[in-house]
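Each remark here refers to the structure printed beneath this line.
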Amino acid sequence: MSVEQITASAIVVATIILFVWGRWRYDLVSVFALLAVVLTGLVPPQQAFLGFGHPAVLTVIGVLILSRGLQNAGIVDVVLRLLAPLKGRPAMQLTGQTIIIAVLSSFMNNVGALALMLPVAMRTAYRENFSPAIILMPLAFGSLLGGLTTLIGTPPNIIVSTFRQDSVGRPYAMFDFAPVGVAVAVAGIAFMMMFGWRLIPSDRRRALGAEAALKIEDYITEVRADEGSRAIGRTIGAVVSPAEGEVFVVALVRGESRDAAPRDDEPIRPGDVLILEGNPDALKTVIDDAGFSLVGSKETGPVPLKPENIGIVEAIVAPGSRIIQHSPASLHLRSAHGVNLLAISRHGRRISARLKDVRFRSGDVVLLHGPADSMAETLSELQCLPLAERTVGIGRPPRLIMASSLFVGAIAVTLLGLLPVQVAFIGAAALMAATGVLKLDEAYGAIDWPVIVLIGAMFPVGAALEATGTATLVANGLLSIVSDMGPAWALLVLLVVTMTLSDVINNSATALVMAPIGVSMAAQLGASPDPFLMAVAVGSSSAFLTPIGHQNNALILEPGGYRFGDYWRMGLPLEVVIVAVAVPMILVVWPL
């Protein structure tokens with residue numbers, strides 16, 4: 001090995017170790033990798049930031065913005081219509097939702113597709129009395145499988161397309177991934193629907209039931225007995241009796257003292273604060289009957305509940321929401337956003353802290369009340385996903401028609417070769433903003449900047465692997481493993497290695513590292529690069545063993561009540577199915 005090859009190898013290995021370690025976020029690690037290849041002379045300084053203007057980066061930006069536009073336009077209403085006939089049939093709901101998210105992920109960012117379907121899935125589990133753990137993992141995995149089917153389905157497909165451009169002079173077309181991707185997706189979804197969901201640990205699958213501890217409908221709320229309240233002078237037992245055992249007093253706060261287990265015969269005094277637990281309907285009954293006021297944050301004081309002039313909505317705190325680790329008091333919900341926190345549920349576990357001091361976590365279910373006409377915008381600002389059933393029309397039909405037309409138009413001009421994909425999608429995104437489908441700040445907010453930084457920074461690293469011959473060196477090492485077994489086995493090894501790497505680092509980073517190695521393996525074998533690039537594309541998006549391999553796996557960790565070790569139970573046999581289907585399909589569709 002030359003000094004340059006040793007240096008490039010050391011940088012890549014160190015980068016992968018830092019990705020796996022997770023102490024620093026992947027975009028920061030990728031910037032360090034970029035600086036390393038520049039400072040060591042592997043990449044000229046004037047080429048250091050060319051990756052940020054790469055067509056792949058621009059295409060990903062366009063897809064992210066268009067995905068947000070489709071969400072704003074009301075595509076969730078269409079999904080609800082499609083699922084309506086399946087109400088009351090959990091098995092069919094599981095199948096229908098997984099197929100829908102796979103189709104959505106084919107044409108929009110798969111993280112956006114999961115964000116769209118997550119509240120639908122949670123609401124279904126809540127209404128039909130089964131654990132969200134049964135549906136959320138198949139949903140996340142289905143979104144990854146759907147992304148395999150088109151050029152824009154997932155960033156790794158866009159990335160390998162650019163390597164094909166460099167290798168054979170033209171990128172992949174929009175549906176070149178479909179023959180292999182659809183076969184893999186169908187096989188993977190069929191496995192999950194018939195067998196896979198049963199491999200989820202039984203205690204997670206039993207987590208939601210008629211008498212289970214994990215009950216989305218159980219909330220913690222905080223009320224005050226102000227002067228004039230009908231509760232004053234009555235005992236705690238008498239106050240909660242209208243709920244017929246469905247509301248419990250978690251704690252009584254009186255001045256500076258706190259009683260974590262107040263007696264039923266304890267009389268209520270003016271200024272007493274009660275922390276109540278129960279379902280929304282029962283809580284409302286108690287609050288109305290006793291004349292309680294909801295306790296607001298320190299800045300607003302008590303908030304009277306007036307059902308006649310407010311809207312109430314259930315929502316889930318989305319992973320990555322800006323309110324995570326913040327308390328209701330610090331967020332100034334009422335003055336800054338015009339809403340009040342009515343109650344909070346956290347996987348059915350009793351929350352002993354004062355409501356205003358609770359710090360939000362991903363997966364918390366909150367009950368908010370405020371102006372009904374602005375609630376959707378408020379939830380978007382807070383990055384919470386609505387769980388309450390929404391009426392058709394939240395996304396106005398003209399906006400949905402406009403958004404869909406722009407999206408389909410971008411795909412059409414790409415297929416006809418009139419514009420490069422990055423120009424078509426950025427142009428459609430700009431038109432969405434110009435026509436009011438989404439606001440400019442929403443467009444910028446839709447961009448997953450850490451992923452953009454990752455891809456832009458890692459392109460020069462991948463170029464360094466090729467320029468120094470390191471990719472060829474690694475390719476020869478992989479080929480030596482199957483030197484006497486033929487090119488098909490080399491393809492299998494490349495796919496398995498890529499899948500393994502994708503389980504521990506970001507899928508875009510995996511594609512950027514493995515694509516040049518795949519091209520080098522093809523060159524060493526005198527074969528077409530297409531089957532090897534397809535293997536990299538499939539492997540990069542087949543991260544099913546851990547919650548850290550893909551953002552969608554992380555998104556469902558807390559809402560589903562999963563543990564780190566739950567993923568491989570369904571993910572490992574799923575990856576075996578994918579390998580068994582993908583390798584022969586690649587060899588048929590993209591001959592060596």
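Chain labels follow the order of the structure tokens: the first chain is A, the next B, and so on; residue numbering restarts at 1 in every chain, and ligands are counted from 1 in their shown order.
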
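Neighbouring residues of A:Phe360 at 9 Å or closer, counting only C-alpha atoms and skipping chain neighbours under 5 positions away, are A:Val317, A:Ile323, A:Ile324, A:Gln325, A:His326, A:Ser327, A:Pro328.
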
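Comparing A:Leu416, A:Ala490, A:Leu151, A:Ala56 by their smallest distance to A:Gly477, the closest is A:Ala490 (using only C-alpha atoms).
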
Which of stretch 88-258 of chain A counts as strand (DSSP E or B) under DSSP, as a PyMOL selection string please? chain A and resi 219-224+235+247-254+257-258

Selection file, N, CA, C and O atoms, as a tab-separated table (two decimals), in the first residue's frame:
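result16.tsv, freshly written:
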```tsv
chain	number	residue	atom	x	y	z
A	219	TYR	N	-54.02	10.20	30.60
A	219	TYR	CA	-53.31	11.46	30.61
A	219	TYR	C	-53.09	11.94	32.03
A	219	TYR	O	-53.82	11.58	32.95
A	220	ILE	N	-52.09	12.78	32.18
A	220	ILE	CA	-51.87	13.51	33.42
A	220	ILE	C	-52.22	14.97	33.15
A	220	ILE	O	-51.76	15.56	32.16
A	221	THR	N	-53.07	15.55	34.00
A	221	THR	CA	-53.38	16.97	33.86
A	221	THR	C	-53.35	17.62	35.24
A	221	THR	O	-53.40	16.94	36.26
A	222	GLU	N	-53.27	18.92	35.26
A	222	GLU	CA	-53.08	19.66	36.50
A	222	GLU	C	-54.15	20.75	36.59
A	222	GLU	O	-54.32	21.53	35.66
A	223	VAL	N	-54.90	20.77	37.70
A	223	VAL	CA	-56.00	21.72	37.85
A	223	VAL	C	-55.88	22.44	39.19
A	223	VAL	O	-55.22	21.97	40.12
A	224	ARG	N	-56.54	23.59	39.27
A	224	ARG	CA	-56.50	24.40	40.49
A	224	ARG	C	-57.92	24.72	40.95
A	224	ARG	O	-58.80	25.01	40.12
A	235	THR	N	-64.57	16.82	49.49
A	235	THR	CA	-63.42	15.93	49.62
A	235	THR	C	-62.92	15.50	48.24
A	235	THR	O	-63.64	15.58	47.24
A	247	VAL	N	-60.83	8.42	36.94
A	247	VAL	CA	-59.90	9.51	37.21
A	247	VAL	C	-59.31	9.30	38.60
A	247	VAL	O	-60.04	8.97	39.55
A	248	PHE	N	-58.00	9.49	38.72
A	248	PHE	CA	-57.31	9.30	39.98
A	248	PHE	C	-56.51	10.56	40.31
A	248	PHE	O	-55.98	11.21	39.41
A	249	VAL	N	-56.42	10.87	41.59
A	249	VAL	CA	-55.61	12.00	42.03
A	249	VAL	C	-54.20	11.50	42.29
A	249	VAL	O	-53.96	10.72	43.22
A	250	VAL	N	-53.28	11.93	41.44
A	250	VAL	CA	-51.89	11.51	41.55
A	250	VAL	C	-51.20	12.22	42.71
A	250	VAL	O	-50.40	11.63	43.44
A	251	ALA	N	-51.51	13.50	42.89
A	251	ALA	CA	-50.86	14.26	43.95
A	251	ALA	C	-51.70	15.50	44.27
A	251	ALA	O	-52.49	15.98	43.43
A	252	LEU	N	-51.51	16.01	45.48
A	252	LEU	CA	-52.13	17.26	45.91
A	252	LEU	C	-51.03	18.22	46.30
A	252	LEU	O	-50.18	17.90	47.13
A	253	VAL	N	-51.01	19.40	45.65
A	253	VAL	CA	-50.02	20.42	45.95
A	253	VAL	C	-50.73	21.56	46.67
A	253	VAL	O	-51.66	22.16	46.13
A	254	ARG	N	-50.29	21.83	47.88
A	254	ARG	CA	-50.90	22.88	48.69
A	254	ARG	C	-49.79	23.81	49.18
A	254	ARG	O	-49.00	23.45	50.06
A	257	SER	N	-46.14	22.52	50.07
A	257	SER	CA	-46.17	21.10	50.42
A	257	SER	C	-46.78	20.28	49.30
A	257	SER	O	-47.56	20.79	48.50
A	258	ARG	N	-46.43	19.02	49.30
A	258	ARG	CA	-46.91	18.12	48.25
A	258	ARG	C	-47.23	16.78	48.87
A	258	ARG	O	-46.40	16.18	49.56
```

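Residues in contact range of A:Ala121, defined as at most 10 Å between only C-alpha atoms, with sequence neighbours fewer than 6 positions away removed, read Gln93, Leu94, Gln97, Thr98, Leu114, Arg127, Pro132, Ile134, Ile135, Leu136, Leu139 and Leu387 of chain A.
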
Just the selected residues (C-alpha atoms), exported as a PDB file, in the first residue's frame, please.
```pdb
ATOM      1  CA  GLN A  93     -54.827  -2.215   8.659  1.00  0.00           C
ATOM      2  CA  LEU A  94     -51.260  -3.459   9.157  1.00  0.00           C
ATOM      3  CA  GLN A  97     -50.642   0.897   5.954  1.00  0.00           C
ATOM      4  CA  THR A  98     -47.390  -0.897   5.128  1.00  0.00           C
ATOM      5  CA  LEU A 114     -43.175   7.858   7.950  1.00  0.00           C
ATOM      6  CA  ARG A 127     -58.846   2.907  18.408  1.00  0.00           C
ATOM      7  CA  PRO A 132     -48.388   0.232  18.323  1.00  0.00           C
ATOM      8  CA  ILE A 134     -47.076  -4.425  16.127  1.00  0.00           C
ATOM      9  CA  ILE A 135     -47.438  -1.864  13.376  1.00  0.00           C
ATOM     10  CA  LEU A 136     -44.643   0.700  13.750  1.00  0.00           C
ATOM     11  CA  LEU A 139     -44.185   0.584   8.869  1.00  0.00           C
ATOM     12  CA  LEU A 387     -53.439  11.811  16.365  1.00  0.00           C
TER      13      LEU A 387
END
```

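The residue set within 6 Å of A:Gly146, counting only C-alpha atoms and dropping same-chain residues fewer than 3 places from it, reads Ala102, Val103, Ser105, Ser106, Ser143 and Thr149 of chain A.
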
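If you measure from each of A:Gly22, A:Ala173, A:Ala318, A:Pro55 to A:Asn552 using only C-alpha atoms, the closest one turns out to be A:Ala318.
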
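Coordinates place atom CA of A:Ser508 at a distance of 20.2 Å from atom CA of A:Gly445.
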
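Taking only C-alpha atoms, the non-local environment of A:Arg263 within 9 Å (same-chain residues fewer than 3 positions away omitted) comprises Thr235, Ile236, Gly237 and Glu266 of chain A.
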
Write out as a PyMOL selection string the set of residues from stretch 395-460 of chain A that DSSP, computed on the backbone, places in helix (DSSP H, G or I). chain A and resi 397-415+421-434+440-446+449-460

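Going from atom CA of A:Leu400 over to atom CA of A:Ala73, you cover 4.5 Å.
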
Shortest interatomic distance to A:Val588 - which of A:Pro85, A:Gly153, A:Pro531, A:Gly255, counting only C-alpha atoms: A:Pro531

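One distance worth recording is that between atom CA of A:His550 and atom CA of A:Val496, which is 16.7 Å.
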
Can you pull out the residues contacting A:Ser374? Cut-off 10 Å, using only C-alpha atoms, and skip same-chain residues under 3 positions away; I want them as a ChimeraX atom specification. /A:311,337-339,370-371,377-379

With N, CA and C atoms retained, write the just-selected residues as an mmCIF file, in the first residue's frame.
```
data_model
loop_
_atom_site.group_PDB
_atom_site.id
_atom_site.type_symbol
_atom_site.label_atom_id
_atom_site.label_comp_id
_atom_site.auth_asym_id
_atom_site.auth_seq_id
_atom_site.Cartn_x
_atom_site.Cartn_y
_atom_site.Cartn_z
ATOM 1 N N GLY A 311 -60.642 24.481 20.450
ATOM 2 C CA GLY A 311 -60.543 23.166 19.849
ATOM 3 C C GLY A 311 -59.580 22.321 20.670
ATOM 4 N N HIS A 337 -47.665 30.530 21.358
ATOM 5 C CA HIS A 337 -48.330 29.699 20.347
ATOM 6 C C HIS A 337 -49.849 29.706 20.471
ATOM 7 N N GLY A 338 -50.379 30.325 21.518
ATOM 8 C CA GLY A 338 -51.827 30.430 21.648
ATOM 9 C C GLY A 338 -52.528 29.155 22.040
ATOM 10 N N VAL A 339 -51.790 28.182 22.594
ATOM 11 C CA VAL A 339 -52.404 26.924 23.018
ATOM 12 C C VAL A 339 -52.046 26.642 24.466
ATOM 13 N N GLY A 370 -56.849 25.137 22.092
ATOM 14 C CA GLY A 370 -56.591 26.475 21.599
ATOM 15 C C GLY A 370 -57.473 26.747 20.396
ATOM 16 N N PRO A 371 -57.231 27.855 19.690
ATOM 17 C CA PRO A 371 -58.040 28.193 18.516
ATOM 18 C C PRO A 371 -58.014 27.076 17.476
ATOM 19 N N GLU A 377 -51.432 24.703 12.119
ATOM 20 C CA GLU A 377 -50.187 25.470 11.988
ATOM 21 C C GLU A 377 -49.375 25.406 13.280
ATOM 22 N N THR A 378 -50.068 25.453 14.415
ATOM 23 C CA THR A 378 -49.378 25.385 15.709
ATOM 24 C C THR A 378 -48.672 24.044 15.875
ATOM 25 N N LEU A 379 -49.347 22.968 15.511
ATOM 26 C CA LEU A 379 -48.730 21.648 15.613
ATOM 27 C C LEU A 379 -47.499 21.549 14.730
#
```

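Of the residues listed (A:Ala509, A:Val583, A:Ala115, A:Ile65), A:Ala115 shows the shortest atom-to-atom separation from A:Gln383; distances use only C-alpha atoms.
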
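In terms of minimum interatomic distance to A:Leu42, A:Thr470 ranks closest within A:Thr285, A:Thr470, A:Thr59, A:Thr150, counting only C-alpha atoms.
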
For A:Ser405: contacts at 12 Å, only C-alpha atoms, fewer than 5 positions along chain excluded, given as a PyMOL selection string: chain A and resi 66+69-70+73+397-400+410-412+428-429+431-432+435+437

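Proximity ranking of A:Val29, A:Met1, A:Met499, A:Ile426 relative to A:Ala457 places A:Val29 first, based on only C-alpha atoms.
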